[in-house]
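Chemist: Pasting in a structure now, in structure tokens, and then I'll have a few things to ask.
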Amino acid sequence: MKNILILFLLGFSLQGSAQIKNATLQASGLTCAMCSKAVYKALSGVSFVDKVSADIEGSSYDLTFKPGAKINLDALSKAVVDAGFSVSKLKVTTEFNNTKIQNDAHVSLNDQSFHFLNVTPQTLSGTKTVTVVDRNFVSAKDYKKFSKLTSLKCYESGTMEGQRIYHVTL
């Protein structure tokens, strides 16, 4: 009860239903085909990743997830970092089911919390793509830009009340 009250006081907490289907990850720091292959192998080794398709010229990777698997976006970033590179962009395609969102508000979706930034109030249904704008998923310049769009401290820490909060925008 205390957690619900705190979330309500700090920003609206909304509930919804969504299923993460796939993602497109762009890596930075790649200079050759061997770099691309290292990231490809790292992402392929993540337990919930079913398939990886690489676009070497764009340094991007299309990821398909195993059906019913619990998705951990931080594990994707860690795999890229462990391969010696960084994530410059992560777009996640999600199936929403009448999920109400609004700017600077948290939404709980299938055991994960998302904090929407720079959005208009709306109800999401169907397939939508959100961009993760956390520290390990965007450039330092973009991180600073998005940090100005919220007064909630969870953007700096990535957590609230011990729970991981992913910051996203449409």
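By order of appearance in the structure tokens: chains A, B, ..., then residues from 1 within every chain, and ligands from 1 in the order shown.
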Within 12 Å of Lys66 (chain A), counting only C-alpha atoms, which residues show up once you throw out same-chain ones fewer than 4 positions away? Write them as a list of chain:residue names, please.
Modeler: A:Gln19, A:Ile20, A:Lys21, A:Asn22, A:Ser44, A:Val46, A:Ser47, A:Phe48, A:Val49, A:Asp50, A:Lys51, A:Val52, A:Lys70, A:Ile71
Chemist: May I have the selected residues written with N, CA and C atoms, as a compact mmCIF listing (two decimals), in the first residue's frame?
Modeler:
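Output file again_19.txt follows:
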# COMPACT_ATOMS: atom_id res chain seq x y z
N GLN A 19 2.88 -6.67 -24.16
CA GLN A 19 3.80 -7.78 -24.40
C GLN A 19 4.91 -7.26 -25.30
N ILE A 20 6.16 -7.32 -24.83
CA ILE A 20 7.29 -6.92 -25.67
C ILE A 20 7.48 -8.00 -26.72
N LYS A 21 7.49 -7.59 -27.99
CA LYS A 21 7.58 -8.55 -29.08
C LYS A 21 8.98 -8.64 -29.66
N ASN A 22 9.57 -7.48 -29.95
CA ASN A 22 10.91 -7.46 -30.54
C ASN A 22 11.54 -6.11 -30.29
N SER A 44 23.14 -12.74 -29.40
CA SER A 44 22.61 -14.09 -29.63
C SER A 44 22.71 -14.95 -28.38
N VAL A 46 22.13 -13.96 -25.29
CA VAL A 46 21.20 -13.54 -24.23
C VAL A 46 20.05 -14.55 -24.19
N SER A 47 19.75 -15.04 -23.00
CA SER A 47 18.84 -16.18 -22.83
C SER A 47 17.45 -16.00 -23.45
N PHE A 48 16.89 -14.80 -23.45
CA PHE A 48 15.53 -14.60 -23.95
C PHE A 48 15.48 -14.18 -25.42
N VAL A 49 16.65 -14.03 -26.05
CA VAL A 49 16.70 -13.65 -27.46
C VAL A 49 16.56 -14.90 -28.32
N ASP A 50 15.60 -14.87 -29.23
CA ASP A 50 15.35 -16.00 -30.12
C ASP A 50 16.16 -15.88 -31.40
N LYS A 51 16.18 -14.66 -32.00
CA LYS A 51 16.83 -14.46 -33.29
C LYS A 51 17.43 -13.06 -33.36
N VAL A 52 18.61 -12.96 -33.98
CA VAL A 52 19.27 -11.67 -34.19
C VAL A 52 19.55 -11.53 -35.69
N LYS A 70 10.66 -13.73 -20.16
CA LYS A 70 10.74 -12.46 -19.44
C LYS A 70 11.89 -11.66 -20.05
N ILE A 71 11.58 -10.46 -20.50
CA ILE A 71 12.55 -9.61 -21.20
C ILE A 71 13.22 -8.68 -20.20
Chemist: Could you pull out all residues of chain A with a DSSP call of strand (DSSP E) and give them as a ChimeraX atom specification?
Modeler: /A:13-28,49-55,60-65,86-101,105-109,112-116,122-132,159-160,163-169
Chemist: In terms of the shortest atom-to-atom distance over only C-alpha atoms, which of A:Leu170, A:Val138, A:Leu25, A:Cys35 is closest to Asn118 (chain A)?
Modeler: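 Among the listed residues, A:Leu170 lies closest to Asn118 (chain A).
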Chemist: Please report as CSV every residue of region 20-126 of chain A lying within 10 Å of region 146-149 of chain A, along with the nearest atom pair and their distance in Å (one decimal), using only C-alpha atoms.
Modeler:
residue,atom,partner,partner_atom,distance
A:Asn103,CA,A:Leu149,CA,8.9
A:Asp104,CA,A:Leu149,CA,7.7
A:Leu117,CA,A:Leu149,CA,6.6
A:Asn118,CA,A:Leu149,CA,6.8
Chemist: Would you put the residues from that selection into a file with C-alpha atoms, as a CSV table (one decimal), in the first residue's frame?
Modeler:
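Output below, filename result36.csv:
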chain,number,residue,atom,x,y,z
A,103,ASN,CA,3.7,12.6,-19.7
A,104,ASP,CA,6.0,12.0,-16.7
A,117,LEU,CA,8.6,11.1,-21.2
A,118,ASN,CA,7.6,13.8,-23.7
Chemist: Which value, in Å to one decimal, gives the distance between CA of Gly58 (chain A) and CA of Ala27 (chain A)?
Modeler: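 Between CA of Gly58 (chain A) and CA of Ala27 (chain A) the gap is 8.9 Å.
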Chemist: Give me the residues near Thr123 (chain A) as a list in words, where near means some atom within 6 Å (using only C-alpha atoms) and where sequence neighbours in that chain fewer than 6 positions away do not count.
Modeler: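 Contacts, with the query itself left out: Asn98, Thr99 and Lys100 of chain A.
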Chemist: Select, from A:Gln102, A:Ser60, A:Asn97, A:Ser36, the residue with the minimum atom-to-atom distance to Ser125 (chain A), counting only C-alpha atoms.
Modeler: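 Among the listed residues, A:Asn97 lies closest to Ser125 (chain A).
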Chemist: Sorted by chain and rising residue number, list the residues of region 110-154 of chain A at most 10 Å from region 158-169 of chain A (counting only C-alpha atoms), each with its closest atom pair and distance in Å to one decimal, as a Markdown table.
Modeler:
| residue | atom | partner | partner_atom | distance |
| --- | --- | --- | --- | --- |
| A:Asp111 | CA | A:Gln163 | CA | 9.9 |
| A:Gln112 | CA | A:Ile165 | CA | 7.3 |
| A:Ser113 | CA | A:Ile165 | CA | 5.0 |
| A:Phe114 | CA | A:Tyr166 | CA | 4.8 |
| A:His115 | CA | A:His167 | CA | 4.6 |
| A:Phe116 | CA | A:Val168 | CA | 5.1 |
| A:Leu117 | CA | A:Thr169 | CA | 5.3 |
| A:Asn118 | CA | A:Thr169 | CA | 6.2 |
| A:Val119 | CA | A:Thr169 | CA | 6.6 |
| A:Thr129 | CA | A:Thr169 | CA | 8.9 |
| A:Val130 | CA | A:Thr169 | CA | 5.6 |
| A:Thr131 | CA | A:Val168 | CA | 5.3 |
| A:Val132 | CA | A:Val168 | CA | 4.4 |
| A:Val133 | CA | A:Val168 | CA | 5.4 |
| A:Asp134 | CA | A:His167 | CA | 5.6 |
| A:Arg135 | CA | A:Gly158 | CA | 8.3 |
| A:Phe137 | CA | A:His167 | CA | 9.9 |
| A:Phe146 | CA | A:His167 | CA | 9.2 |
| A:Leu152 | CA | A:Met160 | CA | 9.4 |
| A:Lys153 | CA | A:Met160 | CA | 8.1 |
| A:Cys154 | CA | A:Gly158 | CA | 5.1 |
Chemist: I need the chosen residues saved as a PDB file, in the first residue's frame, with C-alpha atoms.
Modeler:
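Result written to out_0.pdb:
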ATOM      1  CA  ASP A 111       6.069  -6.985 -14.159  1.00  0.00           C
ATOM      2  CA  GLN A 112       8.005  -4.050 -15.641  1.00  0.00           C
ATOM      3  CA  SER A 113       7.643  -0.335 -15.039  1.00  0.00           C
ATOM      4  CA  PHE A 114       7.910   2.286 -17.747  1.00  0.00           C
ATOM      5  CA  HIS A 115       8.138   6.035 -17.179  1.00  0.00           C
ATOM      6  CA  PHE A 116       6.849   7.883 -20.236  1.00  0.00           C
ATOM      7  CA  LEU A 117       8.583  11.147 -21.152  1.00  0.00           C
ATOM      8  CA  ASN A 118       7.648  13.774 -23.729  1.00  0.00           C
ATOM      9  CA  VAL A 119       4.286  12.222 -24.641  1.00  0.00           C
ATOM     10  CA  THR A 129       7.311   1.175 -30.741  1.00  0.00           C
ATOM     11  CA  VAL A 130       8.835   2.974 -27.771  1.00  0.00           C
ATOM     12  CA  THR A 131      12.383   4.271 -27.514  1.00  0.00           C
ATOM     13  CA  VAL A 132      14.277   3.625 -24.280  1.00  0.00           C
ATOM     14  CA  VAL A 133      15.952   6.852 -23.123  1.00  0.00           C
ATOM     15  CA  ASP A 134      17.847   5.653 -20.038  1.00  0.00           C
ATOM     16  CA  ARG A 135      21.523   6.380 -19.406  1.00  0.00           C
ATOM     17  CA  PHE A 137      20.600   3.338 -24.002  1.00  0.00           C
ATOM     18  CA  PHE A 146      15.493  13.908 -21.463  1.00  0.00           C
ATOM     19  CA  LEU A 152      11.206  12.582 -10.710  1.00  0.00           C
ATOM     20  CA  LYS A 153      14.498  11.237  -9.339  1.00  0.00           C
ATOM     21  CA  CYS A 154      13.964   7.804 -10.888  1.00  0.00           C
TER      22      CYS A 154
END
Chemist: In region 20-159 of chain A, what's helix (DSSP H, G or I) per DSSP? Answer as a ChimeraX atom specification?
Modeler: /A:33-44,73-82,135-137,140-147,154-157
Chemist: Fewer than 4 positions away in the same chain doesn't count, so skip those; otherwise give me all residues within 7 Å of Val39 (chain A), counting only C-alpha atoms, as a list of chain:residue names.
Modeler: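 In the requested format, the answer is A:Cys35, A:Leu43, A:Val80, A:Ala83.
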Chemist: Hey, what's within 8 Å of Ser77 (chain A) if we count only C-alpha atoms and toss same-chain stuff fewer than 2 positions away? As an mmCIF file with N, CA and C atoms, in the first residue's frame, please?
Modeler:
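Saved to out_36.cif:
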data_model
loop_
_atom_site.group_PDB
_atom_site.id
_atom_site.type_symbol
_atom_site.label_atom_id
_atom_site.label_comp_id
_atom_site.auth_asym_id
_atom_site.auth_seq_id
_atom_site.Cartn_x
_atom_site.Cartn_y
_atom_site.Cartn_z
ATOM 1 N N LEU A 73 15.721 -5.597 -20.492
ATOM 2 C CA LEU A 73 16.398 -4.699 -21.413
ATOM 3 C C LEU A 73 17.829 -4.401 -20.972
ATOM 4 N N ASP A 74 18.067 -4.379 -19.674
ATOM 5 C CA ASP A 74 19.422 -4.143 -19.169
ATOM 6 C C ASP A 74 20.370 -5.262 -19.590
ATOM 7 N N ALA A 75 19.863 -6.476 -19.728
ATOM 8 C CA ALA A 75 20.704 -7.600 -20.161
ATOM 9 C C ALA A 75 21.181 -7.391 -21.594
ATOM 10 N N ALA A 79 25.156 -7.085 -22.543
ATOM 11 C CA ALA A 79 25.771 -7.943 -23.552
ATOM 12 C C ALA A 79 26.616 -7.108 -24.522
ATOM 13 N N VAL A 80 26.090 -5.965 -24.933
ATOM 14 C CA VAL A 80 26.813 -5.096 -25.864
ATOM 15 C C VAL A 80 28.050 -4.509 -25.182
ATOM 16 N N VAL A 81 27.884 -4.045 -23.958
ATOM 17 C CA VAL A 81 29.010 -3.471 -23.204
ATOM 18 C C VAL A 81 30.078 -4.526 -22.950
ATOM 19 N N SER A 86 28.937 0.072 -26.936
ATOM 20 C CA SER A 86 27.844 0.668 -26.171
ATOM 21 C C SER A 86 26.584 0.729 -27.028
ATOM 22 N N VAL A 87 25.459 0.905 -26.354
ATOM 23 C CA VAL A 87 24.170 1.029 -27.030
ATOM 24 C C VAL A 87 23.914 2.511 -27.269
ATOM 25 N N ASN A 136 22.089 4.124 -20.175
ATOM 26 C CA ASN A 136 22.855 3.137 -20.930
ATOM 27 C C ASN A 136 22.247 2.797 -22.291
ATOM 28 N N PHE A 137 21.293 3.627 -22.743
ATOM 29 C CA PHE A 137 20.600 3.338 -24.002
ATOM 30 C C PHE A 137 20.600 4.514 -24.972
#
Chemist: Separation of CA of Gln26 (chain A) and CA of Tyr155 (chain A), in Å?
Modeler: 21.3 Å
Chemist: What is the distance between CA of Leu76 (chain A) and CA of Ala42 (chain A), in Å to one decimal?
Modeler: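 Taking CA of Leu76 (chain A) and CA of Ala42 (chain A), their separation equals 8.7 Å.
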